[in-house]
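Next comes final-v1.txt, a file with compact mmCIF, C-alpha atoms.
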```txt
# COMPACT_ATOMS: atom_id res chain seq x y z
CA MET W 280 -0.27 20.61 -10.30
CA LYS W 281 -3.89 20.89 -11.47
CA THR W 282 -2.95 19.14 -14.70
CA LEU W 283 -1.33 16.37 -12.67
CA LEU W 284 -4.58 15.95 -10.73
CA ILE W 285 -6.53 15.72 -13.98
CA ALA W 286 -4.03 13.20 -15.36
CA VAL W 287 -4.32 11.08 -12.23
CA ILE W 288 -8.13 11.11 -12.32
CA SER W 289 -8.23 10.26 -16.05
CA ALA W 290 -5.82 7.41 -15.49
CA LEU W 291 -8.10 6.13 -12.73
CA LEU W 292 -11.10 6.26 -15.03
CA VAL W 293 -9.23 4.43 -17.78
CA ALA W 294 -8.20 1.81 -15.22
CA CYS W 295 -11.87 1.40 -14.17
CA ALA W 296 -13.02 1.06 -17.75
CA ASN W 297 -10.39 -1.55 -18.52
CA ALA W 298 -11.08 -3.44 -15.31
CA THR W 299 -14.65 -4.20 -16.37
CA LYS W 300 -13.70 -5.30 -19.88
CA THR W 301 -14.34 -8.96 -20.61
CA THR W 302 -12.28 -10.89 -23.10
CA GLN W 303 -13.25 -14.16 -24.69
CA ASP W 304 -9.97 -14.86 -26.44
CA ASP W 305 -7.52 -17.68 -25.69
CA SER W 306 -4.40 -15.48 -25.53
CA LEU W 307 -4.01 -16.13 -21.80
CA TYR W 308 -4.30 -19.89 -22.37
CA ARG W 309 -1.57 -19.63 -24.99
CA ALA W 310 0.59 -17.39 -22.77
CA LEU W 311 0.41 -20.08 -20.08
CA GLY W 312 1.84 -22.58 -22.54
CA GLU W 313 -1.50 -24.24 -23.39
CA LEU W 314 -2.38 -27.60 -21.82
CA GLU W 315 1.24 -28.68 -21.48
CA GLY W 316 2.19 -25.47 -19.71
CA ILE W 317 -0.81 -25.64 -17.40
CA GLU W 318 0.06 -29.24 -16.51
CA SER W 319 3.60 -28.22 -15.58
CA ILE W 320 2.34 -25.25 -13.53
CA THR W 321 -0.13 -27.51 -11.71
CA HIS W 322 2.58 -30.05 -10.97
CA ARG W 323 4.80 -27.29 -9.52
CA PHE W 324 1.84 -25.80 -7.63
CA ILE W 325 1.20 -29.11 -5.84
CA ASN W 326 4.91 -29.30 -5.04
CA GLU W 327 4.85 -25.78 -3.59
CA ILE W 328 1.84 -26.61 -1.45
CA GLY W 329 3.72 -29.64 -0.17
CA PHE W 330 6.40 -27.32 1.22
CA ASN W 331 3.90 -25.22 3.17
CA ARG W 332 2.88 -26.91 6.40
CA GLU W 333 0.07 -24.44 7.03
CA ILE W 334 -1.82 -25.27 3.87
CA ILE W 335 -0.84 -28.90 3.29
CA THR W 336 -3.07 -29.90 6.23
CA HIS W 337 -6.12 -28.96 4.16
CA PHE W 338 -5.08 -31.56 1.61
CA SER W 339 -4.90 -34.49 4.03
CA ASP W 340 -8.16 -35.99 2.72
CA THR W 341 -7.69 -34.86 -0.87
CA ASP W 342 -7.40 -37.27 -3.79
CA LEU W 343 -4.38 -35.53 -5.35
CA GLY W 344 -4.90 -37.21 -8.73
CA ARG W 345 -8.41 -35.81 -8.96
CA PHE W 346 -7.35 -32.42 -7.60
CA LYS W 347 -4.68 -32.17 -10.27
CA GLU W 348 -7.06 -33.16 -13.07
CA LYS W 349 -9.78 -30.73 -12.01
CA PHE W 350 -7.32 -27.91 -11.35
CA ILE W 351 -5.87 -28.29 -14.85
CA GLU W 352 -9.39 -28.24 -16.32
CA GLN W 353 -10.25 -25.15 -14.34
CA ILE W 354 -7.15 -23.17 -15.29
CA CYS W 355 -7.55 -24.25 -18.92
CA PHE W 356 -11.20 -23.14 -18.88
CA GLU W 357 -10.59 -19.86 -17.01
CA SER W 358 -7.73 -18.89 -19.32
CA GLY W 359 -9.94 -19.33 -22.40
CA GLY W 360 -8.66 -22.75 -23.40
CA PRO W 361 -10.68 -25.59 -25.01
CA CYS W 362 -11.73 -27.28 -21.75
CA GLU W 363 -14.83 -27.70 -19.62
CA TYR W 364 -14.55 -27.61 -15.85
CA THR W 365 -16.29 -30.78 -14.65
CA GLY W 366 -15.43 -30.50 -10.96
CA ASP W 367 -17.60 -29.41 -8.05
CA SER W 368 -18.28 -25.76 -7.32
CA MET W 369 -15.65 -23.88 -5.32
CA GLN W 370 -18.10 -23.61 -2.44
CA GLN W 371 -18.70 -27.38 -2.39
CA VAL W 372 -15.00 -28.19 -2.62
CA HIS W 373 -14.01 -25.93 0.28
CA ARG W 374 -17.00 -26.50 2.55
CA GLY W 375 -16.03 -27.20 6.13
CA MET W 376 -12.36 -26.44 5.54
CA ASP W 377 -12.55 -23.01 7.18
CA ILE W 378 -9.71 -21.69 5.04
CA THR W 379 -8.43 -18.38 6.40
CA GLU W 380 -7.40 -15.28 4.49
CA GLY W 381 -3.80 -16.03 5.37
CA GLU W 382 -4.00 -19.58 4.05
CA PHE W 383 -5.70 -18.34 0.91
CA ASN W 384 -2.86 -15.87 0.30
CA ALA W 385 -0.26 -18.54 0.98
CA THR W 386 -1.95 -20.65 -1.72
CA VAL W 387 -1.92 -17.72 -4.15
CA ASN W 388 1.78 -17.32 -3.37
CA ALA W 389 2.30 -21.05 -4.03
CA LEU W 390 0.64 -20.65 -7.42
CA THR W 391 2.70 -17.59 -8.36
CA ALA W 392 5.88 -19.35 -7.20
CA ALA W 393 4.94 -22.29 -9.44
CA MET W 394 4.43 -19.95 -12.36
CA ASP W 395 7.75 -18.20 -11.61
CA THR W 396 9.53 -21.56 -11.74
CA GLU W 397 7.81 -22.41 -15.02
CA GLY W 398 8.93 -19.08 -16.48
CA VAL W 399 5.50 -17.46 -16.73
CA ASP W 400 6.00 -13.70 -16.77
CA LYS W 401 4.38 -11.56 -14.06
CA ARG W 402 1.94 -9.83 -16.40
CA THR W 403 0.58 -13.18 -17.55
CA GLN W 404 0.35 -14.20 -13.88
CA ASN W 405 -1.65 -11.05 -13.11
CA ARG W 406 -4.05 -11.90 -15.94
CA LEU W 407 -4.64 -15.37 -14.52
CA LEU W 408 -5.00 -14.06 -10.94
CA LYS W 409 -7.67 -11.67 -12.15
CA LYS W 410 -9.65 -14.65 -13.51
CA LEU W 411 -9.31 -16.56 -10.25
CA ALA W 412 -9.78 -13.66 -7.80
CA PRO W 413 -13.63 -13.70 -7.89
CA MET W 414 -13.56 -17.27 -6.48
CA ARG W 415 -12.08 -16.12 -3.18
CA GLY W 416 -15.46 -15.47 -1.59
CA ASP W 417 -16.47 -19.11 -2.21
CA ILE W 418 -13.18 -20.45 -0.86
CA ILE W 419 -12.42 -18.70 2.44
CA TYR W 420 -14.30 -19.24 5.70
CA GLN W 421 -16.56 -21.96 4.26
CA MET M 99 30.30 11.11 3.57
CA LYS M 100 28.41 14.30 4.29
CA TRP M 101 25.05 12.53 3.87
CA LEU M 102 25.80 10.06 6.62
CA HIS M 103 24.23 12.12 9.33
CA ARG M 104 21.83 10.97 12.01
CA PRO M 105 18.60 10.34 10.03
CA TYR M 106 20.39 8.15 7.50
CA ALA M 107 22.21 6.29 10.23
CA SER M 108 18.87 5.52 11.85
CA MET M 109 17.51 4.30 8.52
CA MET M 110 20.43 1.94 8.21
CA PHE M 111 19.83 0.67 11.72
CA LEU M 112 16.22 0.08 10.74
CA ALA M 113 17.36 -1.80 7.64
CA LEU M 114 19.55 -4.04 9.78
CA LEU M 115 16.75 -4.58 12.25
CA VAL M 116 14.18 -5.76 9.76
CA GLY M 117 16.63 -7.26 7.28
CA THR M 118 17.28 -10.16 9.63
CA PRO M 119 15.69 -13.22 8.02
CA SER M 120 12.86 -14.52 10.13
CA ALA M 121 12.54 -18.17 11.10
CA GLN M 122 9.29 -18.77 9.25
CA ALA M 123 10.33 -19.81 5.77
CA GLU M 124 6.83 -20.20 4.42
CA GLN M 125 5.02 -17.25 5.89
CA VAL M 126 1.27 -17.23 5.99
CA THR M 127 0.65 -13.54 5.61
CA GLY M 128 -2.78 -12.00 5.43
CA LYS M 129 -2.09 -9.90 2.38
CA LEU M 130 -0.33 -10.28 -0.89
CA LEU M 131 2.99 -8.55 -1.43
CA ALA M 132 2.59 -4.77 -1.81
CA ALA M 133 -1.00 -4.84 -0.54
CA PRO M 134 -0.24 -2.76 2.61
CA GLY M 135 1.33 -0.08 0.46
CA VAL M 136 4.18 1.85 2.08
CA THR M 137 4.15 4.40 4.91
CA GLN M 138 2.72 7.84 4.50
CA VAL M 139 4.67 10.80 5.91
CA GLU M 140 2.31 11.15 8.89
CA GLY M 141 2.77 7.46 9.77
CA SER M 142 -0.37 5.88 8.31
CA GLY M 143 -0.33 3.06 5.77
CA GLY M 144 -0.60 4.60 2.32
CA GLY M 145 1.45 6.22 -0.30
CA GLY M 146 4.00 8.90 0.53
CA LEU M 147 1.82 11.96 1.04
CA VAL M 148 -1.61 10.37 1.09
CA PRO M 149 -3.11 7.92 3.60
CA TRP M 150 -4.82 4.99 1.90
CA ALA M 151 -7.67 2.74 3.02
CA VAL M 152 -5.19 -0.13 3.47
CA LEU M 153 -3.80 -0.78 6.94
CA ALA M 154 -0.06 -0.61 7.53
CA GLY M 155 0.88 -4.28 7.98
CA TYR M 156 0.51 -7.73 6.45
CA ASP M 157 -2.08 -8.83 9.01
CA SER M 158 -5.19 -10.81 8.09
CA ARG M 159 -8.41 -11.03 10.12
CA GLU M 160 -6.66 -13.43 12.51
CA GLN M 161 -3.39 -11.52 12.87
CA THR M 162 -1.77 -8.36 14.15
CA SER M 163 1.28 -6.70 12.65
CA GLY M 164 3.84 -4.09 13.57
CA THR M 165 5.82 -1.80 11.31
CA VAL M 166 8.49 0.85 11.69
CA PHE M 167 9.38 3.52 9.19
CA SER M 168 11.79 6.33 8.51
CA THR M 169 11.33 9.06 5.93
CA GLN M 170 13.57 11.93 4.83
CA VAL M 171 12.54 14.79 2.58
CA HIS M 172 15.28 17.05 1.25
CA LEU M 173 13.99 20.42 0.15
CA PRO M 174 16.04 23.45 -0.93
CA ASP M 175 15.41 25.35 2.31
CA TYR M 176 14.24 22.64 4.69
CA ARG M 177 14.71 19.02 5.67
CA LEU M 178 11.90 16.89 7.02
CA ASN M 179 12.61 13.80 9.05
CA SER M 180 9.69 11.58 9.99
CA GLN M 181 10.00 8.38 11.96
CA GLY M 182 7.46 6.20 13.61
CA VAL M 183 5.65 2.96 14.23
CA ALA M 184 2.29 1.48 13.33
CA VAL M 185 0.43 -1.49 14.74
CA SER M 186 -2.43 -3.02 12.82
CA PHE M 187 -5.03 -5.25 14.47
CA TYR M 188 -6.91 -7.97 12.58
CA ASP M 189 -6.91 -5.99 9.34
CA ARG M 190 -9.46 -3.76 11.02
CA VAL M 191 -7.77 -1.02 13.04
CA GLU M 192 -4.41 0.66 12.64
CA VAL M 193 -2.76 2.82 15.30
CA SER M 194 0.27 4.84 14.25
CA TYR M 195 2.70 7.30 15.73
CA ALA M 196 5.13 9.54 13.89
CA LYS M 197 7.59 12.10 15.08
CA HIS M 198 8.38 14.93 12.71
CA ARG M 199 11.50 17.01 12.86
CA PHE M 200 11.41 19.87 10.38
CA ASP M 201 14.87 21.37 10.10
CA LEU M 202 14.76 25.05 9.23
CA GLY M 203 18.40 25.28 8.18
CA THR M 204 19.71 28.82 7.83
CA LEU M 205 16.20 30.28 7.94
CA GLY M 206 15.90 29.06 11.51
CA GLY M 207 18.88 31.17 12.56
CA ALA M 208 16.93 34.40 12.09
CA LEU M 209 14.16 33.11 14.35
CA GLY M 210 16.48 31.47 16.83
CA VAL M 211 14.79 28.12 16.15
CA ASN M 212 16.71 25.25 14.58
CA ASP M 213 13.82 22.92 13.95
CA ILE M 214 10.14 22.33 14.55
CA GLU M 215 9.12 19.07 16.16
CA GLN M 216 5.69 17.57 16.26
CA ASP M 217 4.06 14.27 17.21
CA VAL M 218 1.34 12.72 15.09
CA LEU M 219 -0.92 10.03 16.50
CA GLY M 220 -3.07 8.26 13.91
CA VAL M 221 -5.98 5.86 14.13
CA LYS M 222 -7.60 4.26 11.10
CA ALA M 223 -10.45 1.77 10.84
CA ARG M 224 -11.40 -0.30 7.81
CA LEU M 225 -15.11 0.03 7.18
CA TYR M 226 -15.63 -1.95 4.02
CA GLY M 227 -14.03 -4.20 1.50
CA ASP M 228 -10.72 -5.59 0.44
CA LEU M 229 -8.13 -3.79 -1.65
CA ILE M 230 -8.02 -6.58 -4.23
CA TYR M 231 -10.98 -8.89 -3.79
CA SER M 232 -14.08 -6.81 -3.12
CA GLN M 233 -16.07 -5.44 -6.00
CA TRP M 234 -15.91 -1.89 -4.65
CA PRO M 235 -12.83 -0.21 -3.23
CA GLN M 236 -11.72 -0.78 0.33
CA VAL M 237 -12.94 2.12 2.46
CA SER M 238 -11.45 3.32 5.75
CA VAL M 239 -11.87 6.33 8.01
CA GLY M 240 -9.06 7.78 10.03
CA LEU M 241 -7.88 10.61 12.16
CA GLN M 242 -4.47 12.15 12.65
CA HIS M 243 -3.96 14.20 15.77
CA ARG M 244 -0.86 16.37 16.03
CA TRP M 245 0.88 18.02 18.92
CA LEU M 246 3.28 20.77 18.05
CA ARG M 247 6.28 20.78 20.40
CA ASP M 248 7.84 23.94 19.01
CA ARG M 249 5.18 26.58 18.66
CA ALA M 250 7.21 29.76 18.13
CA VAL M 251 7.15 29.64 14.33
CA ALA M 252 3.41 28.85 14.21
CA GLN M 253 2.81 31.92 16.38
CA VAL M 254 5.07 34.10 14.23
CA VAL M 255 3.33 33.16 10.97
CA GLY M 256 -0.06 33.96 12.49
CA ALA M 257 -1.61 30.55 13.10
CA ASP M 258 -4.96 30.63 14.87
CA GLU M 259 -3.78 27.86 17.15
CA ALA M 260 -0.24 26.66 17.73
CA ASP M 261 -0.87 23.81 20.10
CA GLN M 262 -2.64 20.81 18.54
CA GLY M 263 -5.07 19.86 15.82
CA THR M 264 -6.97 16.93 14.37
CA ASP M 265 -7.49 15.87 10.76
CA LEU M 266 -10.29 13.48 9.84
CA TYR M 267 -10.23 11.57 6.57
CA VAL M 268 -12.00 8.94 4.57
CA SER M 269 -10.07 6.91 1.98
CA ALA M 270 -11.16 4.59 -0.81
CA THR M 271 -8.47 2.39 -2.36
CA LYS M 272 -8.63 -0.33 -4.97
CA LEU M 273 -6.14 -2.50 -6.78
CA TRP M 274 -7.29 -3.72 -10.16
CA LEU M 275 -5.56 -6.92 -11.19
CA ASP M 276 -4.64 -6.85 -14.87
CA ALA M 277 -6.11 -3.37 -15.37
CA PHE M 278 -4.42 -3.29 -18.76
CA SER M 279 -2.09 -5.77 -20.49
CA GLY M 280 -1.27 -7.64 -17.32
CA VAL M 281 -0.36 -4.54 -15.29
CA ASN M 282 -2.01 -4.10 -11.88
CA VAL M 283 -3.20 -0.59 -11.09
CA LEU M 284 -3.86 0.89 -7.68
CA GLY M 285 -6.03 3.96 -7.28
CA ASN M 286 -6.77 5.92 -4.14
CA LEU M 287 -8.99 8.85 -3.28
CA THR M 288 -8.89 10.47 0.15
CA LEU M 289 -11.00 13.34 1.46
CA ARG M 290 -9.49 15.07 4.46
CA ALA M 291 -10.98 17.66 6.78
CA SER M 292 -8.03 19.67 8.08
CA ARG M 293 -7.07 23.04 9.42
CA ALA M 294 -3.35 22.22 9.49
CA ASN M 295 -0.84 24.70 8.09
CA GLN M 296 1.96 22.83 6.29
CA PHE M 297 1.16 19.39 7.78
CA GLY M 298 0.64 21.10 11.16
CA LEU M 299 4.25 22.29 11.39
CA LEU M 300 3.02 25.89 11.19
CA GLY M 301 0.06 25.37 13.50
CA TYR M 302 -3.63 25.32 12.73
CA GLY M 303 -5.95 27.78 11.05
CA GLY M 304 -5.22 31.40 10.29
CA ASP M 305 -6.69 34.74 9.35
CA VAL M 306 -8.04 33.48 5.99
CA GLU M 307 -9.65 30.30 7.33
CA LYS M 308 -9.93 29.38 10.99
CA SER M 309 -11.78 26.11 10.74
CA HIS M 310 -11.43 22.80 8.91
CA SER M 311 -11.67 22.67 5.15
CA ILE M 312 -12.19 19.59 2.97
CA ASN M 313 -9.28 18.68 0.74
CA ALA M 314 -8.91 15.93 -1.86
CA GLU M 315 -5.87 13.70 -2.04
CA THR M 316 -5.26 11.10 -4.71
CA SER M 317 -2.70 8.49 -5.64
CA ILE M 318 -2.26 6.22 -8.58
CA ALA M 319 0.29 3.45 -8.93
CA LEU M 320 1.14 0.99 -11.67
CA LEU M 321 2.47 -2.40 -10.63
CA PRO M 322 3.86 -4.17 -13.69
CA HIS M 323 5.61 -6.55 -11.28
CA PRO M 324 4.59 -7.34 -7.67
CA GLN M 325 7.89 -5.94 -6.38
CA TRP M 326 7.72 -2.60 -8.18
CA ALA M 327 5.27 0.26 -8.07
CA ILE M 328 5.54 3.53 -9.93
CA GLY M 329 3.05 6.29 -9.53
CA ALA M 330 2.06 9.80 -8.64
CA GLU M 331 0.20 11.56 -5.87
CA TYR M 332 -1.51 14.84 -5.37
CA ARG M 333 -2.55 16.37 -2.05
CA GLN M 334 -4.63 19.51 -1.77
CA LYS M 335 -3.74 21.51 1.31
CA PRO M 336 -5.54 24.20 3.28
CA ASP M 337 -4.36 27.74 2.64
CA ASN M 338 -5.21 29.50 5.87
CA LEU M 339 -2.60 32.24 6.22
CA SER M 340 -2.77 35.45 4.19
CA ALA M 341 0.89 36.29 4.84
CA PHE M 342 2.23 32.87 3.81
CA GLU M 343 0.61 31.21 0.85
CA GLU M 344 0.37 27.42 1.07
CA GLU M 345 0.30 25.37 -2.13
CA ASP M 346 -0.84 21.86 -2.90
CA ALA M 347 1.70 19.05 -2.79
CA GLY M 348 2.51 16.31 -5.26
CA ASP M 349 5.03 13.61 -5.98
CA VAL M 350 6.08 10.96 -8.44
CA PHE M 351 7.45 7.83 -6.86
CA VAL M 352 9.06 4.45 -7.36
CA ALA M 353 8.64 1.85 -4.65
CA TYR M 354 10.61 -1.37 -4.41
CA LEU M 355 9.01 -4.12 -2.33
CA PRO M 356 11.40 -7.07 -2.44
CA ASN M 357 9.61 -9.10 0.23
CA GLU M 358 7.21 -8.92 3.20
CA HIS M 359 9.97 -7.62 5.51
CA PHE M 360 10.72 -4.21 4.08
CA ASN M 361 10.18 -1.82 1.23
CA VAL M 362 11.84 1.35 0.08
CA THR M 363 10.34 4.32 -1.74
CA GLY M 364 12.10 7.08 -3.61
CA ALA M 365 10.14 10.06 -4.83
CA TRP M 366 10.54 13.46 -6.30
CA THR M 367 8.18 15.71 -4.43
CA ASN M 368 6.95 19.26 -4.84
CA LEU M 369 5.63 20.80 -1.64
CA GLY M 370 5.30 24.25 -3.17
CA GLN M 371 5.78 27.38 -1.13
CA ILE M 372 6.51 26.91 2.58
CA ALA M 373 6.56 29.89 4.94
CA GLY M 374 7.62 32.26 2.19
CA SER M 375 10.25 29.97 0.61
CA LYS M 376 9.12 29.18 -2.90
CA GLU M 377 9.49 26.05 -5.00
CA GLN M 378 10.22 23.56 -2.27
CA LYS M 379 10.92 20.56 -4.49
CA GLY M 380 13.18 17.74 -3.59
CA PHE M 381 13.95 14.11 -3.03
CA TYR M 382 11.96 11.90 -0.73
CA LEU M 383 13.31 8.64 0.62
CA SER M 384 11.36 6.29 2.83
CA LEU M 385 11.95 2.86 4.32
CA THR M 386 9.32 0.71 5.98
CA GLY M 387 10.14 -2.41 7.93
CA TYR M 388 7.65 -5.09 8.94
CA LEU M 389 8.48 -6.47 12.38
CA TRP M 390 5.83 -9.17 12.67
```
Target encoding structure tokens, full file:
Amino acid sequence: MKTLLIAVISALLVACANATKTTQDDSLYRALGELEGIESITHRFINEIGFNREIITHFSDTDLGRFKEKFIEQICFESGGPCEYTGDSMQQVHRGMDITEGEFNATVNALTAAMDTEGVDKRTQNRLLKKLAPMRGDIIYQ
Amino acid sequence: MKWLHRPYASMMFLALLVGTPSAQAEQVTGKLLAAPGVTQVEGSGGGGLVPWAVLAGYDSREQTSGTVFSTQVHLPDYRLNSQGVAVSFYDRVEVSYAKHRFDLGTLGGALGVNDIEQDVLGVKARLYGDLIYSQWPQVSVGLQHRWLRDRAVAQVVGADEADQGTDLYVSATKLWLDAFSGVNVLGNLTLRASRANQFGLLGYGGDVEKSHSINAETSIALLPHPQWAIGAEYRQKPDNLSAFEEEDAGDVFVAYLPNEHFNVTGAWTNLGQIAGSKEQKGFYLSLTGYLW
């Protein structure tokens, strides 16, 4: 049992070490199917949002064409692809929307559902979610 | 169909109860799938043996949630049946209740006691953070207060007190997205002040140690897929009675979380020596249902 405890603690430490590792490669971008894949995911994502009455209300004043363009740029950039994100900061975009934790999670679920439909495996999804997770503080309750 | 006795029947009832598809097709839940963990044997949100910092339901800051659970542990000389409910308020406070029935099997015959029953009332409050999104782990404090209904065995084994006892704990839990090659990893560390003998079933304190001692409990889980978690736990336990050595407990588990309505956990657990019966290892099965 003591050896199990040691194994568990070492595994935790390894997990910590890995969690802080930063990668600059474009393997995630490629795993998402590059620009074409990201465009398809974004298209599906907007569809998924359309099916969720709770979150669609936040898009009533949104220029969907611009949203799509900037979202593609952002995912491309965050996944290590050859793009610049030229949109506004997450704080600016979400100001005054008062997005709740629940709505945020529903949006994450919409994104993962979009990736499921596009055949992106769960481990690739986790890699992308890790890149996007730090934005949450600038999105909710603004 | 020997296994189809009362505890399993109640688990099936529970499955039917929560398996009913709810009207809301696009749920707006406060947490991502698997984020509440499963239900710990004493009724708190957590792993199987260890309470975690996460609260038991899918509630966000604006929501409440209610869960029910049923757990069976089959050991060579004993059976443990634990059932209960938990209500979580605004992802801040969790209140839980569990009823334990510890079947003594043939050993009980000698004592004229078939089983030991106890009630466990738990309260947990989230102090800091978010399992996934905060930089540091989510931290909660909790207490578990137990009332022993059947005190004869606790008195026989020499417990200092056979009536009731309180554990206090602090838990830190974190889920690292993509900890390695796209696999999410959850880690938990809990420190518990307890004087319970065998989860309180054998009373509190003894001739070796009367008062609370601090014990470490830890869990680790790998989530290669949001619906599946595999992991291991370790729980140090007090060892208060000179006549009946108590050993630490551990388990390896697989949890399946198909949706936000229920999850099921199977584990192989080693609870060590219990009241003189050595090597109490066996299968653990637990079902948690999310009512709202």
The distance between atom CA of Arg332 of chain W and atom CA of Asp228 of chain M is 26.0 Å
Counting all atoms listed in the file, collect the residues of chain M whose closest atom lies at most 10 Å from chain W, and write them out as number ranges by chain. M: 123-131, 156-161, 230-233, 272-287, 314-319, 321-324, 329-334, 345-349, 368, 370
Selection to disk with C-alpha atoms, as a PDB file, in the frame of the given file:
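This went into again.pdb:
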```
ATOM      1  CA  ALA M 123      10.330 -19.810   5.770  1.00  0.00           C
ATOM      2  CA  GLU M 124       6.830 -20.200   4.420  1.00  0.00           C
ATOM      3  CA  GLN M 125       5.020 -17.250   5.890  1.00  0.00           C
ATOM      4  CA  VAL M 126       1.270 -17.230   5.990  1.00  0.00           C
ATOM      5  CA  THR M 127       0.650 -13.540   5.610  1.00  0.00           C
ATOM      6  CA  GLY M 128      -2.780 -12.000   5.430  1.00  0.00           C
ATOM      7  CA  LYS M 129      -2.090  -9.900   2.380  1.00  0.00           C
ATOM      8  CA  LEU M 130      -0.330 -10.280  -0.890  1.00  0.00           C
ATOM      9  CA  LEU M 131       2.990  -8.550  -1.430  1.00  0.00           C
ATOM     10  CA  TYR M 156       0.510  -7.730   6.450  1.00  0.00           C
ATOM     11  CA  ASP M 157      -2.080  -8.830   9.010  1.00  0.00           C
ATOM     12  CA  SER M 158      -5.190 -10.810   8.090  1.00  0.00           C
ATOM     13  CA  ARG M 159      -8.410 -11.030  10.120  1.00  0.00           C
ATOM     14  CA  GLU M 160      -6.660 -13.430  12.510  1.00  0.00           C
ATOM     15  CA  GLN M 161      -3.390 -11.520  12.870  1.00  0.00           C
ATOM     16  CA  ILE M 230      -8.020  -6.580  -4.230  1.00  0.00           C
ATOM     17  CA  TYR M 231     -10.980  -8.890  -3.790  1.00  0.00           C
ATOM     18  CA  SER M 232     -14.080  -6.810  -3.120  1.00  0.00           C
ATOM     19  CA  GLN M 233     -16.070  -5.440  -6.000  1.00  0.00           C
ATOM     20  CA  LYS M 272      -8.630  -0.330  -4.970  1.00  0.00           C
ATOM     21  CA  LEU M 273      -6.140  -2.500  -6.780  1.00  0.00           C
ATOM     22  CA  TRP M 274      -7.290  -3.720 -10.160  1.00  0.00           C
ATOM     23  CA  LEU M 275      -5.560  -6.920 -11.190  1.00  0.00           C
ATOM     24  CA  ASP M 276      -4.640  -6.850 -14.870  1.00  0.00           C
ATOM     25  CA  ALA M 277      -6.110  -3.370 -15.370  1.00  0.00           C
ATOM     26  CA  PHE M 278      -4.420  -3.290 -18.760  1.00  0.00           C
ATOM     27  CA  SER M 279      -2.090  -5.770 -20.490  1.00  0.00           C
ATOM     28  CA  GLY M 280      -1.270  -7.640 -17.320  1.00  0.00           C
ATOM     29  CA  VAL M 281      -0.360  -4.540 -15.290  1.00  0.00           C
ATOM     30  CA  ASN M 282      -2.010  -4.100 -11.880  1.00  0.00           C
ATOM     31  CA  VAL M 283      -3.200  -0.590 -11.090  1.00  0.00           C
ATOM     32  CA  LEU M 284      -3.860   0.890  -7.680  1.00  0.00           C
ATOM     33  CA  GLY M 285      -6.030   3.960  -7.280  1.00  0.00           C
ATOM     34  CA  ASN M 286      -6.770   5.920  -4.140  1.00  0.00           C
ATOM     35  CA  LEU M 287      -8.990   8.850  -3.280  1.00  0.00           C
ATOM     36  CA  ALA M 314      -8.910  15.930  -1.860  1.00  0.00           C
ATOM     37  CA  GLU M 315      -5.870  13.700  -2.040  1.00  0.00           C
ATOM     38  CA  THR M 316      -5.260  11.100  -4.710  1.00  0.00           C
ATOM     39  CA  SER M 317      -2.700   8.490  -5.640  1.00  0.00           C
ATOM     40  CA  ILE M 318      -2.260   6.220  -8.580  1.00  0.00           C
ATOM     41  CA  ALA M 319       0.290   3.450  -8.930  1.00  0.00           C
ATOM     42  CA  LEU M 321       2.470  -2.400 -10.630  1.00  0.00           C
ATOM     43  CA  PRO M 322       3.860  -4.170 -13.690  1.00  0.00           C
ATOM     44  CA  HIS M 323       5.610  -6.550 -11.280  1.00  0.00           C
ATOM     45  CA  PRO M 324       4.590  -7.340  -7.670  1.00  0.00           C
ATOM     46  CA  GLY M 329       3.050   6.290  -9.530  1.00  0.00           C
ATOM     47  CA  ALA M 330       2.060   9.800  -8.640  1.00  0.00           C
ATOM     48  CA  GLU M 331       0.200  11.560  -5.870  1.00  0.00           C
ATOM     49  CA  TYR M 332      -1.510  14.840  -5.370  1.00  0.00           C
ATOM     50  CA  ARG M 333      -2.550  16.370  -2.050  1.00  0.00           C
ATOM     51  CA  GLN M 334      -4.630  19.510  -1.770  1.00  0.00           C
ATOM     52  CA  GLU M 345       0.300  25.370  -2.130  1.00  0.00           C
ATOM     53  CA  ASP M 346      -0.840  21.860  -2.900  1.00  0.00           C
ATOM     54  CA  ALA M 347       1.700  19.050  -2.790  1.00  0.00           C
ATOM     55  CA  GLY M 348       2.510  16.310  -5.260  1.00  0.00           C
ATOM     56  CA  ASP M 349       5.030  13.610  -5.980  1.00  0.00           C
ATOM     57  CA  ASN M 368       6.950  19.260  -4.840  1.00  0.00           C
ATOM     58  CA  GLY M 370       5.300  24.250  -3.170  1.00  0.00           C
TER      59      GLY M 370
END
```
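A straight line drawn from atom CA of Gly227 of chain M to atom CA of Val152 of chain M is 9.9 Å long.
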Kindly provide, as a ChimeraX atom specification, the polymer residues lying within 7 Å of (-9.7, -17.2, -17.0), counting all atoms listed in the file and using the coordinates exactly as they appear in the file. /W:354,356-359,407,410-411
Selection from above, C-alpha atoms, as a CSV table (one decimal), keeping the file's coordinate frame, can you write it?
```
chain,number,residue,atom,x,y,z
W,354,ILE,CA,-7.2,-23.2,-15.3
W,356,PHE,CA,-11.2,-23.1,-18.9
W,357,GLU,CA,-10.6,-19.9,-17.0
W,358,SER,CA,-7.7,-18.9,-19.3
W,359,GLY,CA,-9.9,-19.3,-22.4
W,407,LEU,CA,-4.6,-15.4,-14.5
W,410,LYS,CA,-9.6,-14.6,-13.5
W,411,LEU,CA,-9.3,-16.6,-10.2
```
What lies within 8 Å of Ala257 of chain M using all atoms listed in the file, ignoring chain neighbours under 4 positions off, as a compact mmCIF listing (two decimals) with C-alpha atoms, in the frame of the given file?
```
# COMPACT_ATOMS: atom_id res chain seq x y z
CA ALA M 252 3.41 28.85 14.21
CA GLN M 253 2.81 31.92 16.38
CA ASN M 295 -0.84 24.70 8.09
CA LEU M 300 3.02 25.89 11.19
CA GLY M 301 0.06 25.37 13.50
CA TYR M 302 -3.63 25.32 12.73
CA GLY M 303 -5.95 27.78 11.05
CA GLY M 304 -5.22 31.40 10.29
CA ASP M 305 -6.69 34.74 9.35
CA LEU M 339 -2.60 32.24 6.22
```
